[in-house]
$ cat coords.txt   # compact mmCIF, C-alpha atoms
# COMPACT_ATOMS: atom_id res chain seq x y z
CA MET E 170 22.79 -4.96 24.16
CA THR E 171 22.32 -4.19 20.44
CA ARG E 172 20.69 -0.83 19.83
CA VAL E 173 17.43 -0.95 17.88
CA GLY E 174 16.40 1.40 15.08
CA THR E 175 17.85 2.83 11.86
CA LEU E 176 21.40 4.04 12.48
CA ILE E 177 22.55 7.32 10.90
CA LEU E 178 26.29 8.04 10.72
CA THR E 179 27.90 11.32 9.67
CA GLN E 180 31.09 11.97 7.72
CA ASP E 181 33.22 12.46 10.84
CA GLU E 182 31.78 9.38 12.53
CA ILE E 183 32.46 7.21 9.48
CA ARG E 184 36.04 8.47 9.26
CA ALA E 185 36.62 7.57 12.91
CA LEU E 186 35.04 4.10 12.62
CA LEU E 187 36.54 2.93 9.30
CA PRO E 188 40.36 2.85 9.22
CA MET E 189 41.92 2.34 5.80
CA ARG E 190 43.57 -0.94 6.75
CA VAL E 191 40.20 -2.35 7.85
CA CYS E 192 38.41 -1.09 4.75
CA MET E 193 40.99 -2.71 2.50
CA GLU E 194 40.19 -6.09 4.02
CA LEU E 195 36.44 -5.48 3.65
CA VAL E 196 36.80 -4.48 0.00
CA ALA E 197 39.08 -7.43 -0.78
CA GLU E 198 36.51 -9.85 0.62
CA ALA E 199 33.66 -8.16 -1.27
CA LEU E 200 35.57 -8.40 -4.55
CA ARG E 201 36.31 -12.08 -3.96
CA THR E 202 32.62 -12.68 -3.21
CA LEU E 203 31.61 -10.86 -6.41
CA SER E 204 34.02 -12.84 -8.58
CA GLN E 205 32.67 -16.06 -7.05
CA GLY E 206 29.15 -15.14 -8.23
CA ARG E 207 27.83 -14.67 -4.69
CA ALA E 208 26.81 -11.04 -5.09
CA GLN E 209 24.61 -8.85 -7.26
CA ASN E 210 26.01 -5.63 -8.69
CA PRO E 211 23.84 -4.24 -11.53
CA LEU E 212 25.20 -1.51 -13.72
CA ARG E 213 24.71 1.90 -12.14
CA ARG E 214 21.85 4.03 -13.41
CA GLY E 215 22.27 7.75 -13.88
CA MET E 216 20.41 10.85 -14.93
CA ARG E 217 22.36 13.76 -16.35
CA LEU E 218 21.16 17.13 -15.12
CA ALA E 219 20.35 20.19 -17.21
CA ASP E 220 23.85 21.68 -16.85
CA GLY E 221 25.23 18.77 -18.92
CA ARG E 222 27.94 18.01 -16.34
CA SER E 223 26.22 16.98 -13.13
CA LEU E 224 24.61 13.60 -12.46
CA LEU E 225 22.17 11.86 -10.16
CA GLY E 226 23.05 8.18 -9.89
CA MET E 227 21.91 5.01 -8.18
CA MET E 228 24.02 1.94 -7.37
CA PRO E 229 22.09 -1.04 -5.94
CA GLY E 230 23.58 -4.36 -4.89
CA SER E 231 23.66 -7.29 -2.50
CA LEU E 232 26.22 -9.60 -0.92
CA ASP E 233 25.84 -13.17 0.34
CA SER E 234 28.72 -12.71 2.77
CA PRO E 235 28.51 -10.57 4.75
CA PRO E 236 24.73 -10.60 4.22
CA ALA E 237 24.04 -7.10 2.94
CA LEU E 238 21.39 -5.45 0.80
CA GLY E 239 21.26 -1.81 -0.19
CA LEU E 240 22.16 0.97 -2.54
CA LYS E 241 23.99 4.24 -2.89
CA VAL E 242 22.19 7.31 -4.19
CA VAL E 243 24.73 9.90 -5.19
CA THR E 244 25.05 13.19 -7.00
CA VAL E 245 28.18 14.10 -8.93
CA PHE E 246 28.72 17.86 -9.23
CA PRO E 247 32.12 18.61 -10.85
CA GLY E 248 31.49 22.30 -10.15
CA ASN E 249 32.03 21.60 -6.45
CA HIS E 250 35.77 21.20 -6.96
CA GLY E 251 37.50 24.06 -5.20
CA THR E 252 34.53 24.71 -2.90
CA VAL E 253 33.73 23.46 0.60
CA PHE E 254 31.62 20.65 -0.90
CA ASP E 255 32.90 17.32 -2.22
CA ALA E 256 32.06 16.61 -5.84
CA HIS E 257 30.25 13.44 -4.72
CA GLN E 258 27.28 13.85 -2.39
CA GLY E 259 24.67 11.36 -1.26
CA VAL E 260 23.80 8.51 1.06
CA VAL E 261 24.46 4.79 1.33
CA MET E 262 21.41 2.92 2.57
CA LEU E 263 21.58 -0.54 4.10
CA PHE E 264 18.43 -2.67 4.48
CA ASP E 265 17.85 -5.75 6.58
CA PRO E 266 18.16 -8.64 4.07
CA GLU E 267 15.52 -10.66 5.98
CA ASN E 268 12.69 -8.13 6.14
CA GLY E 269 13.76 -5.11 4.06
CA VAL E 270 13.60 -2.68 6.99
CA PRO E 271 15.96 0.34 6.62
CA ARG E 272 18.93 -0.44 8.85
CA THR E 273 21.60 2.19 8.21
CA ILE E 274 21.94 5.55 6.45
CA LEU E 275 25.51 6.71 5.84
CA ASP E 276 27.20 9.79 4.40
CA ALA E 277 28.16 8.64 0.91
CA SER E 278 31.02 11.10 0.40
CA GLU E 279 33.10 9.58 3.18
CA VAL E 280 32.22 5.98 2.40
CA THR E 281 33.05 6.54 -1.28
CA SER E 282 36.39 8.24 -0.66
CA ILE E 283 37.57 5.55 1.77
CA ARG E 284 36.39 2.46 -0.13
CA THR E 285 37.61 3.76 -3.51
CA ALA E 286 41.09 4.24 -2.11
CA ALA E 287 40.85 0.91 -0.32
CA ALA E 288 40.22 -0.85 -3.66
CA SER E 289 43.31 0.84 -5.09
CA GLY E 290 45.23 -0.26 -2.00
CA VAL E 291 44.12 -3.85 -2.51
CA ALA E 292 45.12 -3.68 -6.18
CA THR E 293 48.50 -2.20 -5.29
CA ARG E 294 49.14 -4.93 -2.74
CA ALA E 295 48.21 -7.58 -5.33
CA LEU E 296 49.77 -6.15 -8.51
CA ALA E 297 52.60 -3.72 -7.73
CA ARG E 298 56.20 -4.83 -7.45
CA ALA E 299 57.25 -5.82 -3.94
CA GLY E 300 59.74 -2.95 -3.74
CA ALA E 301 57.48 -0.26 -5.21
CA GLY E 302 57.52 2.92 -3.15
CA ASP E 303 57.86 5.96 -5.42
CA LEU E 304 54.32 7.37 -5.63
CA ALA E 305 52.83 9.90 -8.05
CA LEU E 306 49.44 11.38 -7.20
CA LEU E 307 47.59 13.16 -10.00
CA GLY E 308 44.93 15.14 -8.15
CA SER E 309 44.92 16.89 -4.78
CA GLY E 310 41.34 16.48 -3.56
CA VAL E 311 39.63 14.11 -1.15
CA GLU E 312 40.50 11.01 -3.18
CA ALA E 313 44.16 12.02 -3.25
CA ARG E 314 44.11 12.18 0.55
CA THR E 315 42.58 8.73 0.98
CA HIS E 316 44.70 7.21 -1.78
CA LEU E 317 47.84 8.37 -0.01
CA GLU E 318 46.57 6.60 3.12
CA ALA E 319 45.90 3.43 1.13
CA MET E 320 49.29 3.47 -0.56
CA LEU E 321 50.97 3.83 2.83
CA VAL E 322 49.15 0.70 3.96
CA ALA E 323 49.94 -1.23 0.77
CA ARG E 324 53.64 -0.38 0.45
CA PRO E 325 56.40 1.43 2.38
CA LEU E 326 56.71 4.73 0.49
CA ARG E 327 60.10 6.33 -0.01
CA ARG E 328 58.95 9.25 -2.18
CA VAL E 329 55.64 11.00 -2.88
CA ARG E 330 54.97 13.62 -5.57
CA VAL E 331 51.65 15.34 -6.18
CA TYR E 332 50.39 17.39 -9.11
CA SER E 333 47.14 19.21 -9.77
CA PRO E 334 46.66 22.25 -12.01
CA ASP E 335 46.00 24.65 -9.11
CA ARG E 336 49.36 25.43 -7.57
CA GLY E 337 47.87 26.63 -4.30
CA ARG E 338 45.84 23.46 -3.85
CA ARG E 339 48.70 21.07 -4.56
CA GLU E 340 51.02 22.99 -2.24
CA ALA E 341 48.40 23.02 0.51
CA PHE E 342 47.85 19.29 0.03
CA ALA E 343 51.58 18.59 0.22
CA GLU E 344 52.02 20.62 3.40
CA ARG E 345 48.97 19.13 5.12
CA GLU E 346 49.65 15.50 4.22
CA SER E 347 53.37 15.76 4.98
CA GLU E 348 52.48 16.79 8.51
CA ARG E 349 49.69 14.23 8.85
CA HIS E 350 51.83 11.23 7.88
CA GLY E 351 55.31 12.34 8.85
CA ILE E 352 56.60 11.97 5.29
CA ARG E 353 57.66 14.46 2.65
CA VAL E 354 55.08 15.08 -0.06
CA GLU E 355 56.55 17.10 -2.94
CA PRO E 356 54.31 19.41 -4.99
CA VAL E 357 55.53 19.46 -8.60
CA ASP E 358 54.74 21.68 -11.57
CA SER E 359 53.50 19.12 -14.09
CA ALA E 360 51.93 15.68 -14.31
CA ARG E 361 55.00 14.48 -16.16
CA ALA E 362 57.28 15.64 -13.34
CA ALA E 363 55.18 13.62 -10.90
CA VAL E 364 55.00 10.44 -12.98
CA GLU E 365 58.45 10.02 -14.51
CA GLY E 366 60.42 7.53 -12.45
CA ALA E 367 57.46 6.60 -10.24
CA ASP E 368 56.57 2.94 -9.74
CA LEU E 369 53.13 3.71 -8.26
CA VAL E 370 50.72 6.13 -9.96
CA CYS E 371 47.21 7.08 -8.80
CA THR E 372 44.99 9.19 -11.05
CA VAL E 373 42.25 10.75 -8.93
CA THR E 374 41.08 13.75 -10.93
CA SER E 375 37.77 15.00 -12.34
CA SER E 376 39.28 15.44 -15.81
CA ARG E 377 37.39 14.17 -18.84
CA VAL E 378 40.53 14.17 -21.00
CA PRO E 379 43.84 12.36 -20.43
CA VAL E 380 46.10 13.63 -17.65
CA LEU E 381 48.47 10.64 -17.81
CA GLU E 382 50.52 9.83 -20.92
CA GLY E 383 51.81 6.33 -21.48
CA ARG E 384 55.23 7.52 -22.63
CA TRP E 385 55.91 8.78 -19.09
CA LEU E 386 55.43 5.39 -17.43
CA ALA E 387 58.53 3.58 -16.23
CA PRO E 388 58.88 -0.18 -16.76
CA GLY E 389 57.38 -2.06 -13.83
CA CYS E 390 55.02 0.74 -12.85
CA HIS E 391 51.59 0.03 -11.37
CA VAL E 392 48.74 2.47 -12.11
CA ASN E 393 45.49 2.89 -10.18
CA ALA E 394 43.04 4.79 -12.39
CA ALA E 395 40.18 5.85 -10.12
CA GLY E 396 38.92 9.23 -11.31
CA ALA E 397 36.97 8.60 -14.53
CA CYS E 398 33.72 6.62 -14.28
CA LEU E 399 31.91 7.59 -17.48
CA LYS E 400 32.16 6.03 -20.93
CA ASP E 401 33.05 9.38 -22.52
CA ALA E 402 35.64 10.49 -19.95
CA ARG E 403 39.17 9.26 -19.38
CA GLU E 404 42.30 10.13 -17.39
CA LEU E 405 44.72 7.89 -19.33
CA ASP E 406 45.74 8.29 -22.94
CA THR E 407 45.62 5.36 -25.34
CA GLU E 408 49.34 4.66 -25.05
CA ALA E 409 49.10 4.28 -21.26
CA VAL E 410 46.35 1.69 -21.60
CA ARG E 411 47.99 -0.09 -24.54
CA ARG E 412 51.26 -0.56 -22.63
CA ALA E 413 49.63 -2.08 -19.56
CA ARG E 414 48.23 -5.42 -18.42
CA ILE E 415 44.71 -4.38 -17.48
CA PHE E 416 42.73 -5.48 -14.45
CA VAL E 417 39.27 -4.22 -13.47
CA ASP E 418 36.95 -4.32 -10.48
CA ARG E 419 34.21 -5.85 -12.65
CA ARG E 420 34.23 -6.78 -16.34
CA GLU E 421 30.64 -5.83 -17.12
CA SER E 422 31.05 -2.42 -15.52
CA ALA E 423 34.33 -1.77 -17.32
CA LEU E 424 32.92 -2.71 -20.72
CA ASN E 425 29.96 -0.38 -20.25
CA GLU E 426 31.34 2.53 -18.22
CA ALA E 427 35.13 2.86 -18.38
CA GLY E 428 36.11 5.59 -20.83
CA ASP E 429 39.77 4.81 -20.10
CA LEU E 430 39.17 1.50 -21.91
CA LEU E 431 36.19 2.17 -24.17
CA ILE E 432 37.75 5.12 -26.00
CA PRO E 433 40.92 3.18 -26.97
CA MET E 434 38.67 0.27 -27.98
CA ALA E 435 36.71 2.58 -30.27
CA GLU E 436 40.03 3.69 -31.76
CA GLY E 437 40.93 0.06 -32.46
CA ALA E 438 43.92 0.13 -30.12
CA LEU E 439 42.67 -2.80 -28.01
CA ASP E 440 39.68 -5.09 -27.54
CA ALA E 441 37.81 -6.63 -24.64
CA GLU E 442 40.36 -9.46 -24.45
CA ALA E 443 42.90 -6.91 -23.21
CA ILE E 444 41.21 -7.12 -19.80
CA GLN E 445 43.22 -9.80 -18.03
CA GLY E 446 40.74 -10.31 -15.22
CA GLU E 447 38.88 -8.91 -12.25
CA LEU E 448 40.79 -7.98 -9.13
CA GLY E 449 38.66 -10.48 -7.20
CA GLU E 450 39.91 -13.24 -9.53
CA VAL E 451 43.50 -12.24 -8.83
CA LEU E 452 42.80 -12.39 -5.09
CA LEU E 453 41.21 -15.83 -5.48
CA GLY E 454 44.20 -17.09 -7.46
CA SER E 455 42.14 -17.90 -10.56
CA CYS E 456 43.82 -15.15 -12.60
CA ALA E 457 47.54 -14.38 -12.75
CA GLY E 458 48.53 -10.92 -11.58
CA ARG E 459 51.95 -9.40 -12.19
CA ARG E 460 54.22 -11.77 -14.10
CA THR E 461 57.48 -9.81 -14.33
CA ASP E 462 59.12 -6.85 -12.60
CA ASP E 463 59.19 -4.90 -15.86
CA GLU E 464 55.58 -5.11 -17.01
CA ILE E 465 53.20 -2.21 -16.40
CA THR E 466 49.98 -3.09 -14.58
CA LEU E 467 46.78 -1.06 -14.56
CA PHE E 468 43.83 -1.30 -12.19
CA GLU E 469 40.83 0.38 -13.78
CA SER E 470 38.55 1.21 -10.84
CA LEU E 471 34.96 2.31 -11.37
CA GLY E 472 33.75 1.76 -7.82
CA LEU E 473 31.11 -0.85 -7.03
CA ALA E 474 27.99 -1.04 -4.90
CA VAL E 475 29.28 -4.20 -3.21
CA GLU E 476 32.24 -2.19 -1.87
CA ASP E 477 29.84 0.35 -0.36
CA LEU E 478 27.72 -2.43 1.15
CA ALA E 479 30.68 -4.22 2.71
CA ALA E 480 31.75 -0.97 4.35
CA ALA E 481 28.16 -0.18 5.41
CA HIS E 482 27.69 -3.62 7.00
CA TYR E 483 30.84 -3.11 9.07
CA LEU E 484 29.93 0.45 10.03
CA ASP E 485 26.46 -0.64 11.11
CA ARG E 486 27.93 -3.26 13.44
CA VAL E 487 30.68 -1.19 15.03
CA GLY E 488 28.50 1.93 15.24
CA ARG E 489 25.90 0.03 17.24
CA GLU E 490 28.50 -1.69 19.40
CA ARG E 491 30.28 1.56 20.28
CA GLY E 492 27.20 3.72 20.68
CA VAL E 493 28.15 6.02 17.79
CA GLY E 494 25.56 7.76 15.61
CA VAL E 495 21.88 8.55 15.94
CA LEU E 496 19.07 5.99 15.97
CA VAL E 497 15.73 6.85 14.40
CA ASP E 498 12.52 4.87 14.09
CA LEU E 499 12.03 4.05 10.40
CA GLY E 500 10.31 1.15 8.71
CA GLY E 501 6.63 0.46 8.12
CA ARG E 502 5.15 -1.64 10.92
CA ARG E 503 1.63 -2.94 11.58
CA GLU E 504 0.16 -3.06 15.05

$ encode --input "coords.txt" --output "structure tokens"
Amino acid sequence: MTRVGTLILTQDEIRALLPMRVCMELVAEALRTLSQGRAQNPLRRGMRLADGRSLLGMMPGSLDSPPALGLKVVTVFPGNHGTVFDAHQGVVMLFDPENGVPRTILDASEVTSIRTAAASGVATRALARAGAGDLALLGSGVEARTHLEAMLVARPLRRVRVYSPDRGRREAFAERESERHGIRVEPVDSARAAVEGADLVCTVTSSRVPVLEGRWLAPGCHVNAAGACLKDARELDTEAVRRARIFVDRRESALNEAGDLLIPMAEGALDAEAIQGELGEVLLGSCAGRRTDDEITLFESLGLAVEDLAAAHYLDRVGRERGVGVLVDLGGRRE
């Protein structure tokens, strides 16, 4: 019997209920639905806080299939890096699309980290060379952890290198993830040492200035750029973007929010036509993905509300079926 009430799921419960392989399929379907025009995904709205770095943001959206309506309210506190708190905090809220009653409240940190990596996994599966397996991770935080999981689903990895500026953190990450996955993760002393020779690169940092230089990229490399989501912040230098065939999660979002693209555009290095297509269009077959083994492909990922909603819809169903989480009585009712 289906449990009644608003379901609340914690970080640990979400992690247990949402395997990466499952989330990749959910995200792929959501991106296809979006590119077919069967979803709403307005540009995110944000308020910068007094410290000039932190943000309060809102990401609303809806999906026709699966039927989902909701939003994510999230704070971004870069000062949390290196503390016990994730930089992203907040909740994903799912509402019943028939009556608007609050249906599910989810920890946004865990949903965000899993679905962001899942999108990169989907892009890697669609755009990377079939034999790609030499991975460079720039960043050693939560997103690095989930991106490693996604890359292991997308491709058999033969080598993994990780770099972040804090030697202790990158070494701890390498030791922990090597044991978790039964593979060797090598901590290296520079971003260049991680990237040179790699055919898969994931940038998952909080940097506002480039951490990846285009001259380091090997022919045939695929890059997932997932760390920068503001128009005045970027992880890739202009040469990295100029050398690549560019794919995005959503055109409108990229042209309003992606500093990785907007800054080179302002420099005159490329224009909007450089965006080859949305990942959903590649999955639908309406846009060509990789054409040759030697070209460099780039997936510019900003993260979308429809990805959160697809994950939330699934978590609501399996949480209720398995008796996981807490049910509370929310929603205005009249006697």

$ closest_residue --input "coords.txt" --among "E:Ala481, E:Ala409, E:Val280, E:Leu296" --to "Gly446 (chain E)" --atoms "only C-alpha atoms"
E:Leu296

$ atom_distance --input "coords.txt" --atom1 "CA of Ser289 (chain E)" --atom2 "CA of Leu453 (chain E)"
16.8 Å

$ residues_around --input "coords.txt" --residues "Ala287 (chain E)" --least-positions-apart "5" --cutoff "8 Å" --atoms "all atoms listed in the file" --output "PDB file with C-alpha atoms, in the coordinates of the input"
ATOM      1  CA  MET E 189      41.920   2.340   5.800  1.00  0.00           C
ATOM      2  CA  ARG E 190      43.570  -0.940   6.750  1.00  0.00           C
ATOM      3  CA  CYS E 192      38.410  -1.090   4.750  1.00  0.00           C
ATOM      4  CA  MET E 193      40.990  -2.710   2.500  1.00  0.00           C
ATOM      5  CA  VAL E 196      36.800  -4.480   0.000  1.00  0.00           C
ATOM      6  CA  HIS E 316      44.700   7.210  -1.780  1.00  0.00           C
ATOM      7  CA  ALA E 319      45.900   3.430   1.130  1.00  0.00           C
TER       8      ALA E 319
END

$ atom_distance --input "coords.txt" --atom1 "CA of Ala343 (chain E)" --atom2 "CA of Thr281 (chain E)"
22.2 Å

$ atom_distance --input "coords.txt" --atom1 "CA of Glu408 (chain E)" --atom2 "CA of Leu386 (chain E)"
9.8 Å

$ closest_residue --input "coords.txt" --among "E:Pro379, E:Gly310, E:Gly389, E:Gly239" --to "Asp477 (chain E)" --atoms "only C-alpha atoms"
E:Gly239

$ residues_around --input "coords.txt" --residues "region 243-251 of chain E" --least-positions-apart "5" --cutoff "6 Å" --atoms "all atoms listed in the file" --output "NGL selection string"
:E and (223-226 or 256-259)

$ residues_around --input "coords.txt" --residues "Cys390 (chain E)" --least-positions-apart "4" --cutoff "12 Å" --atoms "only C-alpha atoms" --output "ChimeraX atom specification"
/E:293,296-305,364-371,383-386,409,412-414,459,461-468

$ closest_residue --input "coords.txt" --among "E:Arg184, E:Arg222, E:Lys241, E:Arg294" --to "Pro325 (chain E)" --atoms "all atoms listed in the file"
E:Arg294

$ closest_residue --input "coords.txt" --among "E:His391, E:Arg330, E:Arg460, E:Arg284" --to "Glu312 (chain E)" --atoms "only C-alpha atoms"
E:Arg284

$ closest_residue --input "coords.txt" --among "E:Arg489, E:Arg361, E:Arg324, E:Arg345" --to "Leu306 (chain E)" --atoms "all atoms listed in the file"
E:Arg361

$ closest_residue --input "coords.txt" --among "E:Leu178, E:Leu212, E:Leu473, E:Ala292" --to "Gly458 (chain E)" --atoms "only C-alpha atoms"
E:Ala292

$ residues_around --input "coords.txt" --residues "Leu381 (chain E)" --least-positions-apart "6" --cutoff "8 Å" --atoms "all atoms listed in the file" --output "number ranges by chain"
E: 360-361, 372, 404-406, 409

$ decode --input "coords.txt" --residues "region 347-361 of chain E" --atoms "C-alpha atoms" --output "compact mmCIF listing (two decimals), in the first residue's frame"
# COMPACT_ATOMS: atom_id res chain seq x y z
CA SER E 347 41.20 3.68 -4.60
CA GLU E 348 39.92 1.50 -1.78
CA ARG E 349 36.26 2.17 -2.55
CA HIS E 350 36.47 1.17 -6.21
CA GLY E 351 39.37 -1.25 -6.25
CA ILE E 352 41.34 0.88 -8.72
CA ARG E 353 44.45 2.99 -8.40
CA VAL E 354 43.80 6.72 -8.16
CA GLU E 355 47.04 8.71 -8.50
CA PRO E 356 47.39 12.09 -6.75
CA VAL E 357 49.55 14.39 -8.88
CA ASP E 358 51.24 17.71 -8.20
CA SER E 359 49.71 19.88 -10.93
CA ALA E 360 46.65 20.16 -13.13
CA ARG E 361 48.88 19.76 -16.15
